[in-house]
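Data first, discussion second: the structure below is written as structure tokens.
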Amino acid sequence: MRSPLAALCTLVAAGAALALPAIPAAHAQAAWQSCSFNGRAEACLVAGGSTAFTVTFRSDGKQIEMEKVGEPWSCGQRDQEECGKLLITEPSNGRTTLAAYRQTSSSLLVRSERGNTYTIPF
């Protein structure tokens with residue numbers, strides 16, 4: 001017989017899963033796009049929402065997850081762009097790196113603390 005506490009936890013977990021909204025596919029792309037990694041052009045796919053997304057590189061199949069963290073600030077000429085911090089995670093090895101980003105009208109420019117640079121189309 002299941003304990004009332006276990007049943008309640010199951011019910012709460014199921015309710016929470018139903019109540020949490022899905023991340024919109026605002027950046028889901030059906031076709032390969034032109035990205036860059038350390039200044040080298042790379043074909044990539046970007047999928048996910050506006051604050052958390054996955055980038056897949058065609059050349060080696062490598063995936064990285066990027067998540068905006070903290071509060072962004074206005075930057076660029078006449079404060080027309082958004083700047084902020086990102087966490088970059090490599091699911092293949094679990095390594096996480098902090099990065100700074102600048103989002104223009106067409107792309108996300110990223111520089112990680114490890115010195116890697118990325119240009120991701122948006």
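Residues are referred to by chain and number: the chain letter is A, B, ... according to the order shown in the structure tokens, the number counts from 1 in that chain, and ligands are numbered separately from 1 in the order shown.
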Excluding same-chain residues fewer than 2 positions from A:Pro72, what lies within 9 Å of it counting only C-alpha atoms, as a compact mmCIF listing (two decimals) with all heavy atoms, in the first residue's frame?
```txt
# COMPACT_ATOMS: atom_id res chain seq x y z
N LYS A 68 20.89 32.30 -20.82
CA LYS A 68 21.10 33.65 -20.30
C LYS A 68 20.85 33.62 -18.80
O LYS A 68 19.89 33.01 -18.32
CB LYS A 68 20.15 34.64 -20.97
CG LYS A 68 20.45 34.86 -22.43
CD LYS A 68 19.48 35.86 -23.05
CE LYS A 68 19.79 36.07 -24.52
NZ LYS A 68 18.84 37.02 -25.14
N VAL A 69 21.75 34.27 -18.04
CA VAL A 69 21.63 34.32 -16.59
C VAL A 69 21.76 35.76 -16.12
O VAL A 69 22.41 36.58 -16.76
CB VAL A 69 22.69 33.43 -15.89
CG1 VAL A 69 22.43 31.96 -16.20
CG2 VAL A 69 24.09 33.81 -16.29
N GLY A 70 21.13 36.06 -14.99
CA GLY A 70 21.21 37.42 -14.46
C GLY A 70 20.38 38.40 -15.28
O GLY A 70 19.64 38.02 -16.18
N SER A 74 21.27 47.35 -21.35
CA SER A 74 21.33 47.95 -22.69
C SER A 74 22.77 48.32 -23.00
O SER A 74 23.52 48.76 -22.14
CB SER A 74 20.46 49.21 -22.75
OG SER A 74 19.11 48.85 -22.55
N GLU A 82 21.28 44.42 -26.52
CA GLU A 82 21.23 43.83 -25.19
C GLU A 82 22.55 43.13 -24.90
O GLU A 82 23.08 42.42 -25.76
CB GLU A 82 20.09 42.81 -25.12
CG GLU A 82 20.00 42.10 -23.78
CD GLU A 82 18.91 41.04 -23.78
OE1 GLU A 82 17.73 41.42 -23.74
OE2 GLU A 82 19.26 39.84 -23.83
N CYS A 83 23.08 43.34 -23.71
CA CYS A 83 24.29 42.64 -23.26
C CYS A 83 23.97 41.89 -21.98
O CYS A 83 23.04 42.24 -21.26
CB CYS A 83 25.44 43.63 -23.01
SG CYS A 83 26.11 44.35 -24.52
N GLY A 84 24.75 40.85 -21.69
CA GLY A 84 24.51 40.09 -20.48
C GLY A 84 25.48 38.94 -20.35
O GLY A 84 26.52 38.89 -21.01
N LYS A 85 25.12 38.02 -19.47
CA LYS A 85 25.94 36.84 -19.18
C LYS A 85 25.20 35.58 -19.62
O LYS A 85 23.99 35.51 -19.59
CB LYS A 85 26.23 36.74 -17.68
CG LYS A 85 27.03 37.91 -17.13
CD LYS A 85 28.46 37.83 -17.58
CE LYS A 85 29.29 38.95 -16.98
NZ LYS A 85 30.66 38.90 -17.40
```
Fewer than 3 positions away in the same chain doesn't count, so skip those; otherwise give me all residues within 12 Å of A:Gly76, counting only C-alpha atoms, as a PDB file with C-alpha atoms, in the first residue's frame.
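After the write, part.pdb holds the following:
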```pdb
ATOM      1  CA  TRP A  73      21.567  45.619 -19.719  1.00  0.00           C
ATOM      2  CA  ASP A  79      21.681  51.457 -26.235  1.00  0.00           C
ATOM      3  CA  GLN A  80      19.924  49.578 -29.059  1.00  0.00           C
ATOM      4  CA  GLU A  81      21.397  46.184 -28.151  1.00  0.00           C
ATOM      5  CA  GLU A  82      21.232  43.830 -25.186  1.00  0.00           C
ATOM      6  CA  CYS A  83      24.294  42.641 -23.265  1.00  0.00           C
ATOM      7  CA  TYR A 101      27.101  38.217 -24.858  1.00  0.00           C
ATOM      8  CA  ARG A 102      25.923  41.090 -27.001  1.00  0.00           C
ATOM      9  CA  GLN A 103      22.691  40.580 -28.900  1.00  0.00           C
ATOM     10  CA  THR A 104      22.278  42.608 -32.076  1.00  0.00           C
ATOM     11  CA  SER A 105      19.227  42.654 -34.319  1.00  0.00           C
TER      12      SER A 105
END
```
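The shell of residues at most 12 Å from A:Gly94, with only C-alpha atoms counted and near chain neighbours (fewer than 3 positions) removed, consists of A:Gln63, A:Ile64, A:Glu65, A:Leu87, A:Ile88, A:Thr89, A:Glu90, A:Pro91, A:Thr97.
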Could you turn the residues from that selection into a file that holds N, CA, C and O atoms, as a PDB file, in the first residue's frame?
```pdb
ATOM      1  N   GLN A  63      27.144  19.601 -29.650  1.00  0.00           N
ATOM      2  CA  GLN A  63      26.073  20.450 -29.152  1.00  0.00           C
ATOM      3  C   GLN A  63      26.565  21.229 -27.948  1.00  0.00           C
ATOM      4  O   GLN A  63      27.313  20.709 -27.122  1.00  0.00           O
ATOM      5  N   ILE A  64      26.118  22.481 -27.869  1.00  0.00           N
ATOM      6  CA  ILE A  64      26.344  23.273 -26.671  1.00  0.00           C
ATOM      7  C   ILE A  64      25.009  23.886 -26.268  1.00  0.00           C
ATOM      8  O   ILE A  64      24.178  24.181 -27.124  1.00  0.00           O
ATOM      9  N   GLU A  65      24.821  24.013 -24.988  1.00  0.00           N
ATOM     10  CA  GLU A  65      23.613  24.640 -24.462  1.00  0.00           C
ATOM     11  C   GLU A  65      23.995  26.005 -23.925  1.00  0.00           C
ATOM     12  O   GLU A  65      25.008  26.137 -23.229  1.00  0.00           O
ATOM     13  N   LEU A  87      25.555  31.085 -19.474  1.00  0.00           N
ATOM     14  CA  LEU A  87      26.230  29.862 -19.074  1.00  0.00           C
ATOM     15  C   LEU A  87      26.247  28.970 -20.301  1.00  0.00           C
ATOM     16  O   LEU A  87      25.207  28.744 -20.928  1.00  0.00           O
ATOM     17  N   ILE A  88      27.410  28.490 -20.670  1.00  0.00           N
ATOM     18  CA  ILE A  88      27.545  27.569 -21.793  1.00  0.00           C
ATOM     19  C   ILE A  88      27.875  26.203 -21.214  1.00  0.00           C
ATOM     20  O   ILE A  88      28.845  26.053 -20.476  1.00  0.00           O
ATOM     21  N   THR A  89      27.051  25.211 -21.545  1.00  0.00           N
ATOM     22  CA  THR A  89      27.261  23.853 -21.055  1.00  0.00           C
ATOM     23  C   THR A  89      27.479  22.927 -22.237  1.00  0.00           C
ATOM     24  O   THR A  89      26.764  23.007 -23.235  1.00  0.00           O
ATOM     25  N   GLU A  90      28.477  22.068 -22.111  1.00  0.00           N
ATOM     26  CA  GLU A  90      28.731  21.035 -23.109  1.00  0.00           C
ATOM     27  C   GLU A  90      28.165  19.732 -22.548  1.00  0.00           C
ATOM     28  O   GLU A  90      28.763  19.130 -21.657  1.00  0.00           O
ATOM     29  N   PRO A  91      26.998  19.290 -23.050  1.00  0.00           N
ATOM     30  CA  PRO A  91      26.380  18.082 -22.507  1.00  0.00           C
ATOM     31  C   PRO A  91      27.271  16.844 -22.618  1.00  0.00           C
ATOM     32  O   PRO A  91      27.172  15.936 -21.792  1.00  0.00           O
ATOM     33  N   THR A  97      30.808  26.890 -18.674  1.00  0.00           N
ATOM     34  CA  THR A  97      31.667  28.067 -18.765  1.00  0.00           C
ATOM     35  C   THR A  97      30.804  29.319 -18.735  1.00  0.00           C
ATOM     36  O   THR A  97      29.746  29.360 -19.366  1.00  0.00           O
TER      37      THR A  97
END
```
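Relative to atom CA of A:Ser34, atom CA of A:Pro121 is found at 7.2 Å.
Here atom CA of A:Glu67 and atom CA of A:Cys44 stand 17.1 Å from one another.
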